file structure.txt (compact mmCIF, C-alpha atoms)
# COMPACT_ATOMS: atom_id res chain seq x y z
CA MET A 89 -46.70 -31.86 8.00
CA ASN A 90 -48.31 -34.28 5.58
CA GLY A 91 -51.78 -33.42 6.88
CA THR A 92 -51.11 -29.70 6.46
CA GLN A 93 -49.91 -30.23 2.89
CA HIS A 94 -52.97 -32.30 2.10
CA HIS A 95 -55.38 -29.56 3.20
CA ILE A 96 -53.43 -26.82 1.39
CA TYR A 97 -53.19 -28.78 -1.88
CA SER A 98 -56.93 -29.36 -1.90
CA ALA A 99 -57.82 -25.74 -1.18
CA THR A 100 -58.30 -22.92 -3.69
CA LYS A 101 -56.46 -19.62 -3.43
CA ASN A 102 -59.56 -17.83 -2.15
CA ASP A 103 -60.08 -20.38 0.63
CA LEU A 104 -56.71 -19.57 2.26
CA PRO A 105 -56.23 -16.89 4.89
CA ALA A 106 -53.91 -14.02 3.99
CA GLN A 107 -51.27 -14.90 6.59
CA ASN A 108 -50.57 -18.19 4.79
CA ALA A 109 -49.53 -16.54 1.53
CA SER A 110 -45.78 -17.02 2.09
CA GLN A 111 -46.36 -20.65 3.11
CA VAL A 112 -48.31 -21.28 -0.09
CA ALA A 113 -45.54 -19.74 -2.14
CA GLY A 114 -43.04 -21.99 -0.39
CA LEU A 115 -45.09 -25.10 -1.04
CA SER A 116 -45.56 -24.06 -4.64
CA THR A 117 -41.79 -24.09 -5.00
CA VAL A 118 -41.68 -27.56 -3.48
CA LEU A 119 -44.30 -28.73 -5.95
CA GLN A 120 -42.34 -27.21 -8.80
CA TRP A 121 -39.21 -28.96 -7.56
CA ARG A 122 -41.01 -32.28 -7.41
CA SER A 123 -42.43 -31.83 -10.89
CA GLN A 124 -39.10 -30.83 -12.42
CA MET A 125 -37.31 -33.59 -10.53
CA GLN A 126 -39.76 -36.18 -11.87
CA HIS A 127 -39.30 -34.86 -15.40
CA ALA A 128 -35.50 -34.98 -15.15
CA TRP A 129 -35.57 -38.41 -13.56
CA GLY A 130 -37.74 -39.73 -16.40
CA LEU A 131 -35.22 -38.45 -18.93
CA GLU A 132 -32.38 -39.99 -16.92
CA ALA A 133 -34.16 -43.35 -16.83
CA ARG A 134 -34.76 -43.18 -20.59
CA GLY A 135 -31.09 -42.35 -21.12
CA ARG A 136 -30.02 -45.36 -19.06
CA ASP A 137 -32.52 -47.90 -20.36
CA TYR A 138 -32.31 -47.01 -24.04
CA ALA A 139 -28.69 -45.82 -24.30
CA ASP A 140 -30.03 -42.35 -25.17
CA ASP A 141 -27.17 -39.94 -24.52
CA ALA A 142 -29.26 -36.94 -25.58
CA ALA A 143 -31.84 -37.77 -22.90
CA LEU A 144 -29.10 -38.00 -20.26
CA GLU A 145 -27.64 -34.67 -21.38
CA THR A 146 -31.07 -33.03 -21.12
CA ALA A 147 -31.60 -34.55 -17.66
CA ILE A 148 -28.23 -33.20 -16.50
CA ASP A 149 -29.09 -29.75 -17.81
CA LEU A 150 -32.47 -29.82 -16.05
CA TYR A 151 -30.95 -30.88 -12.72
CA ARG A 152 -28.37 -28.11 -12.96
CA THR A 153 -30.42 -25.20 -14.30
CA ARG A 154 -33.91 -25.78 -12.93
CA VAL A 155 -34.15 -28.40 -10.22
CA LEU A 156 -31.25 -27.19 -8.07
CA ALA A 157 -32.56 -23.61 -8.26
CA LEU A 158 -35.85 -24.80 -6.71
CA ALA A 159 -34.11 -26.44 -3.73
CA PRO A 160 -31.56 -24.04 -2.17
CA LYS A 161 -29.16 -25.80 0.18
CA THR A 162 -29.71 -23.31 3.00
CA GLU A 163 -33.51 -23.56 2.86
CA ARG A 164 -34.13 -27.22 1.95
CA PRO A 165 -30.88 -29.14 2.41
CA ASP A 166 -32.46 -32.60 2.05
CA ASP A 167 -34.05 -31.76 -1.31
CA TRP A 168 -30.81 -30.12 -2.43
CA ALA A 169 -28.89 -33.28 -1.54
CA THR A 170 -31.44 -35.45 -3.36
CA THR A 171 -30.97 -33.32 -6.47
CA GLN A 172 -27.19 -33.56 -6.21
CA HIS A 173 -27.47 -37.33 -5.84
CA ARG A 174 -29.59 -37.64 -8.99
CA LEU A 175 -27.33 -35.25 -10.91
CA GLY A 176 -24.29 -37.30 -9.86
CA ASN A 177 -25.92 -40.50 -11.08
CA ALA A 178 -26.80 -38.95 -14.44
CA LEU A 179 -23.27 -37.57 -14.89
CA GLY A 180 -21.82 -40.95 -13.94
CA ALA A 181 -24.03 -42.82 -16.41
CA LEU A 182 -23.08 -40.50 -19.26
CA GLY A 183 -19.43 -40.48 -18.19
CA GLN A 184 -19.25 -44.28 -18.40
CA ARG A 185 -20.32 -44.15 -22.04
CA GLN A 186 -18.07 -41.32 -23.15
CA ARG A 187 -14.31 -41.16 -23.35
CA GLY A 188 -12.21 -39.11 -21.00
CA THR A 189 -12.62 -38.44 -17.31
CA ARG A 190 -14.32 -35.02 -17.07
CA LEU A 191 -17.91 -36.20 -16.56
CA LEU A 192 -16.89 -38.92 -14.10
CA GLU A 193 -14.87 -36.39 -12.09
CA GLN A 194 -17.87 -34.05 -12.05
CA ALA A 195 -20.10 -36.90 -10.89
CA ILE A 196 -17.77 -37.70 -7.99
CA ALA A 197 -17.65 -34.04 -6.91
CA VAL A 198 -21.45 -33.77 -7.00
CA LEU A 199 -21.97 -37.01 -5.04
CA GLN A 200 -19.45 -35.89 -2.43
CA ALA A 201 -21.40 -32.62 -2.17
CA ALA A 202 -24.57 -34.62 -1.49
CA LEU A 203 -22.74 -36.40 1.34
CA SER A 204 -22.01 -33.02 2.96
CA VAL A 205 -25.73 -33.04 3.86
CA ARG A 206 -26.71 -36.72 3.81
CA SER A 207 -25.45 -38.46 6.94
CA ARG A 208 -25.78 -42.01 8.22
CA GLU A 209 -27.39 -40.70 11.41
CA HIS A 210 -29.93 -38.36 9.78
CA SER A 211 -30.88 -40.32 6.62
CA PRO A 212 -29.17 -43.74 6.60
CA LEU A 213 -30.80 -45.19 3.47
CA GLU A 214 -30.19 -42.05 1.41
CA TRP A 215 -26.62 -41.85 2.72
CA ALA A 216 -26.05 -45.48 1.72
CA ALA A 217 -27.50 -44.84 -1.75
CA THR A 218 -25.05 -41.99 -2.33
CA GLN A 219 -22.14 -44.02 -0.95
CA ASN A 220 -23.07 -46.76 -3.43
CA SER A 221 -23.18 -44.31 -6.35
CA LEU A 222 -19.91 -42.71 -5.26
CA GLY A 223 -18.18 -46.07 -4.88
CA ASN A 224 -19.38 -47.24 -8.28
CA THR A 225 -18.28 -44.02 -10.03
CA LEU A 226 -14.91 -44.02 -8.28
CA GLY A 227 -14.42 -47.60 -9.47
CA VAL A 228 -15.16 -46.74 -13.10
CA LEU A 229 -12.84 -43.73 -13.06
CA ALA A 230 -10.11 -45.65 -11.22
CA GLN A 231 -10.05 -48.36 -13.88
CA ARG A 232 -9.99 -45.74 -16.63
CA CYS A 233 -7.04 -43.99 -14.98
CA ALA A 234 -5.34 -47.16 -13.66
CA ASP A 235 -5.46 -45.58 -10.18
CA THR A 236 -5.00 -48.11 -7.35
CA GLU A 237 -5.63 -45.61 -4.55
CA MET A 238 -8.93 -44.56 -6.13
CA LEU A 239 -9.97 -48.21 -6.40
CA GLU A 240 -9.34 -48.55 -2.67
CA LYS A 241 -11.59 -45.52 -2.06
CA SER A 242 -14.24 -47.16 -4.23
CA VAL A 243 -14.13 -50.32 -2.14
CA ALA A 244 -14.32 -48.29 1.08
CA ALA A 245 -17.40 -46.34 -0.10
CA LEU A 246 -19.21 -49.52 -1.16
CA GLN A 247 -18.37 -51.25 2.11
CA SER A 248 -19.77 -48.21 3.92
CA ALA A 249 -23.03 -48.54 1.98
CA LEU A 250 -23.27 -52.19 3.06
CA GLU A 251 -23.16 -51.11 6.70
CA VAL A 252 -26.74 -49.89 6.11
CA ARG A 253 -27.94 -51.92 3.11
CA SER A 254 -28.74 -55.45 4.28
CA ARG A 255 -30.12 -58.52 2.58
CA GLU A 256 -32.89 -58.71 5.21
CA HIS A 257 -34.21 -55.15 4.88
CA THR A 258 -33.20 -53.95 1.38
CA PRO A 259 -32.31 -57.08 -0.63
CA GLN A 260 -32.27 -55.47 -4.09
CA ASP A 261 -30.15 -52.52 -2.98
CA TRP A 262 -27.89 -54.92 -1.07
CA ALA A 263 -27.41 -57.01 -4.23
CA VAL A 264 -26.63 -53.93 -6.35
CA THR A 265 -23.95 -52.79 -3.90
CA GLN A 266 -22.53 -56.31 -3.56
CA ASN A 267 -22.25 -56.41 -7.36
CA ASN A 268 -20.46 -53.04 -7.48
CA LEU A 269 -18.17 -54.11 -4.62
CA ALA A 270 -17.33 -57.38 -6.37
CA ALA A 271 -16.29 -55.48 -9.52
CA ALA A 272 -14.13 -53.03 -7.54
CA LEU A 273 -12.47 -55.85 -5.57
CA LEU A 274 -11.84 -57.76 -8.80
CA ALA A 275 -10.13 -54.75 -10.40
CA LEU A 276 -8.12 -54.02 -7.25
CA GLY A 277 -7.14 -57.68 -6.85
CA GLN A 278 -5.90 -57.75 -10.44
CA ARG A 279 -3.85 -54.58 -10.00
CA LYS A 280 -2.29 -55.71 -6.72
CA LYS A 281 -2.09 -59.41 -7.70
CA ASP A 282 -3.75 -60.06 -4.35
CA LYS A 283 -5.40 -63.46 -3.85
CA THR A 284 -7.31 -62.25 -0.78
CA LEU A 285 -9.01 -59.45 -2.71
CA LEU A 286 -9.87 -61.81 -5.58
CA LYS A 287 -11.40 -64.26 -3.09
CA GLN A 288 -13.44 -61.42 -1.58
CA SER A 289 -14.64 -60.57 -5.09
CA THR A 290 -15.87 -64.14 -5.66
CA ASP A 291 -17.66 -64.06 -2.30
CA ALA A 292 -19.40 -60.79 -3.21
CA TYR A 293 -20.56 -62.16 -6.57
CA LYS A 294 -21.92 -65.25 -4.79
CA ASN A 295 -23.84 -62.91 -2.48
CA VAL A 296 -25.40 -61.22 -5.50
CA LEU A 297 -26.62 -64.59 -6.77
CA ARG A 298 -28.56 -65.09 -3.53
CA VAL A 299 -30.90 -62.30 -4.69
CA TRP A 300 -30.48 -62.20 -8.48
CA THR A 301 -31.73 -65.70 -9.16
CA ARG A 302 -32.28 -67.28 -12.55
CA GLU A 303 -36.04 -67.41 -11.92
CA ARG A 304 -36.34 -63.71 -11.05
CA VAL A 305 -33.83 -62.01 -13.35
CA PRO A 306 -32.31 -64.55 -15.76
CA LEU A 307 -30.08 -62.18 -17.76
CA GLU A 308 -28.72 -60.42 -14.65
CA TRP A 309 -28.14 -63.86 -13.12
CA ALA A 310 -26.18 -64.90 -16.21
CA THR A 311 -24.13 -61.67 -16.21
CA THR A 312 -23.25 -62.21 -12.55
CA LEU A 313 -22.19 -65.80 -13.27
CA ASP A 314 -19.99 -64.56 -16.11
CA ASN A 315 -18.37 -62.05 -13.73
CA LEU A 316 -18.02 -64.71 -11.04
CA GLY A 317 -16.32 -66.94 -13.61
CA THR A 318 -13.79 -64.21 -14.34
CA ALA A 319 -13.07 -63.66 -10.64
CA LEU A 320 -12.62 -67.42 -10.16
CA ARG A 321 -10.41 -67.66 -13.26
CA LEU A 322 -8.10 -64.91 -12.04
CA LEU A 323 -8.03 -66.41 -8.54
CA GLY A 324 -7.35 -69.84 -10.05
CA GLU A 325 -4.32 -68.47 -11.89
CA HIS A 326 -2.80 -67.68 -8.47
CA ARG A 327 -3.58 -71.09 -7.02
CA LYS A 328 -1.71 -74.29 -7.80
CA GLY A 329 -4.49 -76.82 -8.16
CA PRO A 330 -7.12 -77.00 -10.90
CA ARG A 331 -10.24 -76.76 -8.70
CA THR A 332 -10.77 -72.99 -8.84
CA LEU A 333 -10.26 -72.93 -12.61
CA GLU A 334 -12.76 -75.78 -12.92
CA GLN A 335 -15.23 -73.70 -10.89
CA ALA A 336 -14.68 -70.81 -13.32
CA VAL A 337 -15.47 -73.12 -16.25
CA ALA A 338 -18.66 -74.27 -14.50
CA ALA A 339 -19.74 -70.66 -13.86
CA TYR A 340 -19.28 -69.70 -17.51
CA LYS A 341 -21.18 -72.77 -18.71
CA SER A 342 -24.04 -71.92 -16.35
CA ALA A 343 -24.13 -68.37 -17.70
CA LEU A 344 -24.45 -69.75 -21.24
CA ALA A 345 -27.66 -71.52 -20.20
CA GLU A 346 -29.31 -68.08 -20.36
CA ARG A 347 -26.87 -66.15 -22.57
CA SER A 348 -27.87 -67.61 -25.91
CA ARG A 349 -26.53 -66.42 -29.24
CA ALA A 350 -30.06 -65.90 -30.52
CA GLN A 351 -31.10 -63.68 -27.63
CA VAL A 352 -27.94 -61.76 -26.64
CA PRO A 353 -25.27 -62.46 -29.30
CA GLN A 354 -22.59 -60.07 -27.99
CA ALA A 355 -22.94 -61.28 -24.40
CA TRP A 356 -22.89 -64.89 -25.66
CA ALA A 357 -19.63 -64.19 -27.53
CA LEU A 358 -18.09 -62.56 -24.44
CA THR A 359 -18.87 -65.56 -22.26
CA GLN A 360 -17.61 -67.96 -24.95
CA ASN A 361 -14.34 -66.02 -25.03
CA ASN A 362 -14.10 -66.05 -21.22
CA LEU A 363 -14.87 -69.77 -21.14
CA GLY A 364 -12.11 -70.27 -23.69
CA ALA A 365 -9.65 -68.40 -21.46
CA ALA A 366 -10.48 -70.53 -18.41
CA LEU A 367 -10.25 -73.81 -20.36
CA HIS A 368 -7.06 -72.57 -22.01
CA LYS A 369 -5.41 -71.94 -18.64
CA LEU A 370 -6.63 -75.26 -17.31
CA GLY A 371 -5.36 -77.15 -20.36
CA GLU A 372 -2.01 -75.38 -20.25
CA ARG A 373 -1.52 -76.12 -16.55
CA GLN A 374 -2.67 -79.75 -16.69
CA ARG A 375 -1.24 -80.44 -20.17
CA ASP A 376 -4.77 -81.58 -20.92
CA THR A 377 -5.54 -81.91 -24.63
CA GLN A 378 -9.30 -82.21 -24.00
CA ALA A 379 -9.39 -78.91 -22.12
CA LEU A 380 -7.35 -77.23 -24.86
CA ALA A 381 -9.66 -78.62 -27.55
CA ALA A 382 -12.66 -77.27 -25.60
CA ALA A 383 -10.93 -73.88 -25.28
CA ILE A 384 -10.40 -73.81 -29.05
CA GLU A 385 -14.08 -74.56 -29.62
CA ALA A 386 -15.13 -71.74 -27.27
CA TYR A 387 -12.82 -69.20 -28.94
CA GLU A 388 -14.14 -70.31 -32.35
CA ASN A 389 -17.69 -69.75 -31.11
CA ALA A 390 -16.83 -66.20 -30.01
CA LEU A 391 -15.39 -65.47 -33.45
CA GLN A 392 -18.73 -66.32 -35.04
CA GLU A 393 -19.97 -62.99 -33.65
CA TRP A 394 -16.72 -61.04 -33.32
CA THR A 395 -15.85 -60.98 -37.01
CA ARG A 396 -13.01 -59.06 -38.64
CA GLU A 397 -15.52 -56.86 -40.49
CA ARG A 398 -17.60 -55.92 -37.41
CA ALA A 399 -14.91 -55.59 -34.74
CA PRO A 400 -11.38 -55.97 -36.14
CA MET A 401 -9.48 -55.38 -32.88
CA THR A 402 -11.67 -57.71 -30.84
CA TRP A 403 -11.46 -60.28 -33.63
CA ALA A 404 -7.66 -60.02 -33.69
CA MET A 405 -7.27 -60.35 -29.92
CA THR A 406 -9.60 -63.35 -29.79
CA LEU A 407 -7.88 -64.99 -32.76
CA ALA A 408 -4.53 -64.44 -31.03
CA ASN A 409 -5.86 -66.34 -28.00
CA LEU A 410 -7.18 -69.06 -30.29
CA CYS A 411 -3.76 -69.32 -31.98
CA ALA A 412 -2.04 -69.68 -28.60
CA ALA A 413 -4.40 -72.52 -27.59
CA ARG A 414 -3.92 -74.27 -30.95
CA LYS A 415 -0.15 -73.92 -30.66
CA GLN A 416 -0.16 -75.60 -27.25
CA LEU A 417 -2.41 -78.39 -28.50
CA ALA A 418 -0.18 -78.86 -31.56
CA GLU A 419 2.86 -79.10 -29.33
CA LEU A 420 1.26 -81.76 -27.12
CA GLU A 421 0.01 -83.78 -30.09
CA GLY A 422 2.95 -83.16 -32.45
CA ASP A 423 0.60 -81.78 -35.11
CA ILE A 424 2.71 -79.84 -37.63
CA GLU A 425 -0.29 -79.01 -39.85
CA LEU A 426 -1.97 -77.27 -36.94
CA VAL A 427 1.25 -75.34 -36.29
CA ARG A 428 1.22 -74.09 -39.89
CA ARG A 429 -2.40 -73.01 -39.55
CA VAL A 430 -1.43 -71.07 -36.42
CA LEU A 431 1.32 -69.26 -38.34
CA THR A 432 -1.14 -68.22 -41.05
CA ASP A 433 -3.63 -66.90 -38.50
CA PHE A 434 -0.91 -65.07 -36.54
CA ASP A 435 -0.03 -63.24 -39.76
CA ALA A 436 -3.64 -62.05 -40.03
CA VAL A 437 -3.60 -60.91 -36.41
CA ALA A 438 -0.31 -59.06 -36.89
CA SER A 439 -1.66 -57.18 -39.90
CA VAL A 440 -4.62 -55.85 -37.87
CA PHE A 441 -2.40 -54.72 -34.99
CA ARG A 442 0.08 -53.16 -37.38
CA ASN A 443 -2.60 -51.28 -39.31
CA ALA A 444 -4.16 -50.07 -36.06
CA SER A 445 -0.75 -48.85 -34.81
CA HIS A 446 -0.90 -51.03 -31.70
CA ALA A 447 2.86 -51.46 -31.36
CA GLN A 448 2.73 -53.37 -28.06
CA TYR A 449 0.28 -55.98 -29.37
CA TYR A 450 2.18 -56.24 -32.64
CA GLU A 451 5.41 -56.99 -30.77
CA LEU A 452 3.70 -59.69 -28.69
CA VAL A 453 2.37 -61.39 -31.81
CA THR A 454 5.79 -61.16 -33.46
CA GLU A 455 7.27 -62.96 -30.45
CA GLN A 456 4.59 -65.66 -30.68
CA VAL A 457 5.28 -66.13 -34.39
CA ALA A 458 8.98 -66.66 -33.65
CA LEU A 459 8.16 -69.28 -30.98
CA THR A 460 5.72 -71.01 -33.32
CA ARG A 461 8.35 -71.17 -36.09
CA LYS A 462 10.74 -72.80 -33.64
CA LEU A 463 8.06 -75.37 -32.83
CA GLU A 464 7.56 -76.01 -36.54
CA GLN A 465 11.28 -76.64 -36.97
CA THR A 466 11.31 -78.97 -33.96
CA LEU A 467 8.43 -81.03 -35.30
CA GLN A 468 10.03 -81.19 -38.75
CA ALA A 469 13.29 -82.56 -37.39
call {"tool": "encode", "arguments": {"input": "structure.txt", "output": "structure tokens"}}
result
Amino acid sequence: MNGTQHHIYSATKNDLPAQNASQVAGLSTVLQWRSQMQHAWGLEARGRDYADDAALETAIDLYRTRVLALAPKTERPDDWATTQHRLGNALGALGQRQRGTRLLEQAIAVLQAALSVRSREHSPLEWAATQNSLGNTLGVLAQRCADTEMLEKSVAALQSALEVRSREHTPQDWAVTQNNLAAALLALGQRKKDKTLLKQSTDAYKNVLRVWTRERVPLEWATTLDNLGTALRLLGEHRKGPRTLEQAVAAYKSALAERSRAQVPQAWALTQNNLGAALHKLGERQRDTQALAAAIEAYENALQEWTRERAPMTWAMTLANLCAARKQLAELEGDIELVRRVLTDFDAVASVFRNASHAQYYELVTEQVALTRKLEQTLQA
């Protein structure tokens, strides 16, 4: 077939015999499809890489109105499925950025349609690619809707993709799916409070690091370490000893070797906050003042970027965590001045939650204020 196409593409209209006219028309449609597909894909890539929602919207419109029309399912099912796959990815990318569930639901429907043609037997790599996209989109929607059953479907789709994607033959694709699977397992493990799922999540993130090395992709390596740290921290909260929490701390510190404030300030702040949470839990469990002091320092670092002016809710939630760590340290050291500082900061946190009408958070802070006042009275006695 490729040889035939080569000769036809290089010929002029007058060089072709009359009986090939319908074949030429058919190939012309294929060429149009390829051209339009390339154009839409370029817009989709721009939308992803540069956070350009308008480019993604244009790509979606092109896939729907032009590209699909050039690849009818009955005539060219493989090209139709490829178009559906790309459309599903574009819808999923835009749906992740926008509120609501409509675009994500559309993406899932379109990807499932692609799987009505793509099969493991007929086109295993393409089938695996669509299973990966479907699993990832299901995972995003499941977390947005707090849907445990959908998270389980996400895990199943990603595990299906890994039946074809292997480290030996498709290492990059394997790493991408391992990363998506790790995130889905982490979310599912949190919802079900299941240590086994959380352990599987840590294993999947470790698999990713076998391909996404610091030398090859330093920022992706750091992001994966940050995610691994979170999976280890949550797993450590279910285990009695300190070892898993210590591993979480080590993962976050490794991530910070590449996530610098100068280069990626928001990511640096996120990892500092996560490091604070792991140290906080470790200090609380071990009654370790050094770990608590380190947690306080990490939270304070995060607040250098997450200021009240730039991100009031994030600032308030991080300051609330900082207050909790300071309160525990004050209790261990009998430091009444630190307790009073905590009370002042809790008041600032409460005002943000109250003004934002976050009743649940406001109630939690009010409870913490009451406990801190009791501690103050105890230390005064």
call {"tool": "atom_distance", "arguments": {"input": "structure.txt", "atom1": "atom CA of His257 of chain A", "atom2": "atom CA of His210 of chain A"}}
result
18.0 Å
call {"tool": "residues_near_point", "arguments": {"input": "structure.txt", "point": "(-17.1, -37.7, -13.1)", "cutoff": "8 Å", "atoms": "all atoms listed in the file", "output": "PyMOL selection string"}}
result
chain A and resi 176+179-180+183+189-197+225+229
call {"tool": "atom_distance", "arguments": {"input": "structure.txt", "atom1": "atom CA of Val427 of chain A", "atom2": "atom CA of Leu410 of chain A"}}
result
12.1 Å
call {"tool": "residues_around", "arguments": {"input": "structure.txt", "residues": "segment 276-284 of chain A", "least_positions_apart": "2", "cutoff": "12 Å", "atoms": "all atoms listed in the file", "output": "PyMOL selection string"}}
result
chain A and resi 227-228+230-231+234-244+269-274+286-291+318-327
call {"tool": "atom_distance", "arguments": {"input": "structure.txt", "atom1": "atom CA of Arg428 of chain A", "atom2": "atom CA of Ala413 of chain A"}}
result
13.6 Å
call {"tool": "closest_residue", "arguments": {"input": "structure.txt", "among": "A:Leu213, A:Val337, A:Ala469, A:Cys233", "to": "Thr170 of chain A", "atoms": "all atoms listed in the file"}}
result
A:Leu213
call {"tool": "residues_near_point", "arguments": {"input": "structure.txt", "point": "(-1.4, -76.6, -42.2)", "cutoff": "12 Å", "atoms": "all atoms listed in the file", "output": "PyMOL selection string"}}
result
chain A and resi 414-415+418+423-433+464
call {"tool": "write_last_selection", "arguments": {"input": "structure.txt", "atoms": "C-alpha atoms", "output": "short mmCIF file (atom, residue, chain, number, x, y, z; two decimals), in the coordinates of the input"}}
result
data_model
loop_
_atom_site.label_atom_id
_atom_site.label_comp_id
_atom_site.auth_asym_id
_atom_site.auth_seq_id
_atom_site.Cartn_x
_atom_site.Cartn_y
_atom_site.Cartn_z
CA ARG A 414 -3.92 -74.27 -30.95
CA LYS A 415 -0.15 -73.92 -30.66
CA ALA A 418 -0.18 -78.86 -31.56
CA ASP A 423 0.60 -81.78 -35.11
CA ILE A 424 2.71 -79.84 -37.63
CA GLU A 425 -0.29 -79.01 -39.85
CA LEU A 426 -1.97 -77.27 -36.94
CA VAL A 427 1.25 -75.34 -36.29
CA ARG A 428 1.22 -74.09 -39.89
CA ARG A 429 -2.40 -73.01 -39.55
CA VAL A 430 -1.43 -71.07 -36.42
CA LEU A 431 1.32 -69.26 -38.34
CA THR A 432 -1.14 -68.22 -41.05
CA ASP A 433 -3.63 -66.90 -38.50
CA GLU A 464 7.56 -76.01 -36.54
#
call {"tool": "closest_residue", "arguments": {"input": "structure.txt", "among": "A:Gly422, A:Asp166, A:Tyr450, A:Arg174", "to": "Ala133 of chain A", "atoms": "all atoms listed in the file"}}
result
A:Arg174
call {"tool": "closest_atom_pairs", "arguments": {"input": "structure.txt", "of": "segment 269-315 of chain A", "to": "segment 356-375 of chain A", "cutoff": "10 Å", "atoms": "all atoms listed in the file", "output": "tab-separated table"}}
result
residue	atom	partner	partner_atom	distance
A:Ala310	CA	A:Thr359	CA	9.5
A:Thr311	CA	A:Thr359	CA	8.9
A:Leu313	CA	A:Thr359	CA	9.6
A:Asp314	CA	A:Thr359	CA	6.3
A:Asn315	CA	A:Thr359	CA	9.2
call {"tool": "residues_around", "arguments": {"input": "structure.txt", "residues": "Ala202 of chain A", "least_positions_apart": "6", "cutoff": "10 Å", "atoms": "all atoms listed in the file", "output": "ChimeraX atom specification"}}
result
/A:165-176,196,214-215,218-219
call {"tool": "residues_around", "arguments": {"input": "structure.txt", "residues": "Ala157 of chain A", "least_positions_apart": "6", "cutoff": "12 Å", "atoms": "only C-alpha atoms", "output": "JSON, numbers by chain"}}
result
{"A": [117, 118, 120, 121, 124, 125, 149, 150, 151, 163, 164, 167, 168, 171, 172]}
call {"tool": "build_atoms", "arguments": {"input": "structure.txt", "residues": "segment 120-136 of chain A", "atoms": "N, CA and C atoms", "output": "PDB file, in the frame of the given file"}}
result
ATOM      1  N   GLN A 120     -43.103 -27.411  -7.559  1.00  0.00           N
ATOM      2  CA  GLN A 120     -42.340 -27.210  -8.800  1.00  0.00           C
ATOM      3  C   GLN A 120     -41.092 -28.093  -8.809  1.00  0.00           C
ATOM      4  N   TRP A 121     -40.427 -28.136  -7.669  1.00  0.00           N
ATOM      5  CA  TRP A 121     -39.210 -28.960  -7.560  1.00  0.00           C
ATOM      6  C   TRP A 121     -39.539 -30.425  -7.825  1.00  0.00           C
ATOM      7  N   ARG A 122     -40.634 -30.883  -7.216  1.00  0.00           N
ATOM      8  CA  ARG A 122     -41.010 -32.280  -7.410  1.00  0.00           C
ATOM      9  C   ARG A 122     -41.340 -32.565  -8.878  1.00  0.00           C
ATOM     10  N   SER A 123     -42.045 -31.661  -9.493  1.00  0.00           N
ATOM     11  CA  SER A 123     -42.430 -31.830 -10.890  1.00  0.00           C
ATOM     12  C   SER A 123     -41.200 -31.856 -11.809  1.00  0.00           C
ATOM     13  N   GLN A 124     -40.313 -30.901 -11.608  1.00  0.00           N
ATOM     14  CA  GLN A 124     -39.100 -30.830 -12.420  1.00  0.00           C
ATOM     15  C   GLN A 124     -38.180 -32.022 -12.145  1.00  0.00           C
ATOM     16  N   MET A 125     -38.127 -32.429 -10.885  1.00  0.00           N
ATOM     17  CA  MET A 125     -37.310 -33.590 -10.530  1.00  0.00           C
ATOM     18  C   MET A 125     -37.840 -34.850 -11.218  1.00  0.00           C
ATOM     19  N   GLN A 126     -39.169 -35.015 -11.217  1.00  0.00           N
ATOM     20  CA  GLN A 126     -39.760 -36.180 -11.870  1.00  0.00           C
ATOM     21  C   GLN A 126     -39.477 -36.173 -13.369  1.00  0.00           C
ATOM     22  N   HIS A 127     -39.568 -34.992 -13.966  1.00  0.00           N
ATOM     23  CA  HIS A 127     -39.300 -34.860 -15.400  1.00  0.00           C
ATOM     24  C   HIS A 127     -37.851 -35.231 -15.718  1.00  0.00           C
ATOM     25  N   ALA A 128     -36.918 -34.697 -14.934  1.00  0.00           N
ATOM     26  CA  ALA A 128     -35.500 -34.980 -15.150  1.00  0.00           C
ATOM     27  C   ALA A 128     -35.193 -36.448 -14.905  1.00  0.00           C
ATOM     28  N   TRP A 129     -35.820 -37.000 -13.867  1.00  0.00           N
ATOM     29  CA  TRP A 129     -35.570 -38.410 -13.560  1.00  0.00           C
ATOM     30  C   TRP A 129     -36.076 -39.303 -14.679  1.00  0.00           C
ATOM     31  N   GLY A 130     -37.220 -38.957 -15.271  1.00  0.00           N
ATOM     32  CA  GLY A 130     -37.740 -39.730 -16.400  1.00  0.00           C
ATOM     33  C   GLY A 130     -36.787 -39.718 -17.579  1.00  0.00           C
ATOM     34  N   LEU A 131     -36.210 -38.560 -17.853  1.00  0.00           N
ATOM     35  CA  LEU A 131     -35.220 -38.450 -18.930  1.00  0.00           C
ATOM     36  C   LEU A 131     -33.977 -39.269 -18.606  1.00  0.00           C
ATOM     37  N   GLU A 132     -33.558 -39.207 -17.344  1.00  0.00           N
ATOM     38  CA  GLU A 132     -32.380 -39.990 -16.920  1.00  0.00           C
ATOM     39  C   GLU A 132     -32.630 -41.479 -17.099  1.00  0.00           C
ATOM     40  N   ALA A 133     -33.829 -41.932 -16.696  1.00  0.00           N
ATOM     41  CA  ALA A 133     -34.160 -43.350 -16.830  1.00  0.00           C
ATOM     42  C   ALA A 133     -34.185 -43.755 -18.309  1.00  0.00           C
ATOM     43  N   ARG A 134     -34.747 -42.894 -19.154  1.00  0.00           N
ATOM     44  CA  ARG A 134     -34.760 -43.180 -20.590  1.00  0.00           C
ATOM     45  C   ARG A 134     -33.328 -43.279 -21.119  1.00  0.00           C
ATOM     46  N   GLY A 135     -32.484 -42.347 -20.680  1.00  0.00           N
ATOM     47  CA  GLY A 135     -31.090 -42.350 -21.120  1.00  0.00           C
ATOM     48  C   GLY A 135     -30.370 -43.622 -20.725  1.00  0.00           C
ATOM     49  N   ARG A 136     -30.656 -44.129 -19.529  1.00  0.00           N
ATOM     50  CA  ARG A 136     -30.020 -45.360 -19.060  1.00  0.00           C
ATOM     51  C   ARG A 136     -30.561 -46.582 -19.809  1.00  0.00           C
TER      52      ARG A 136
END
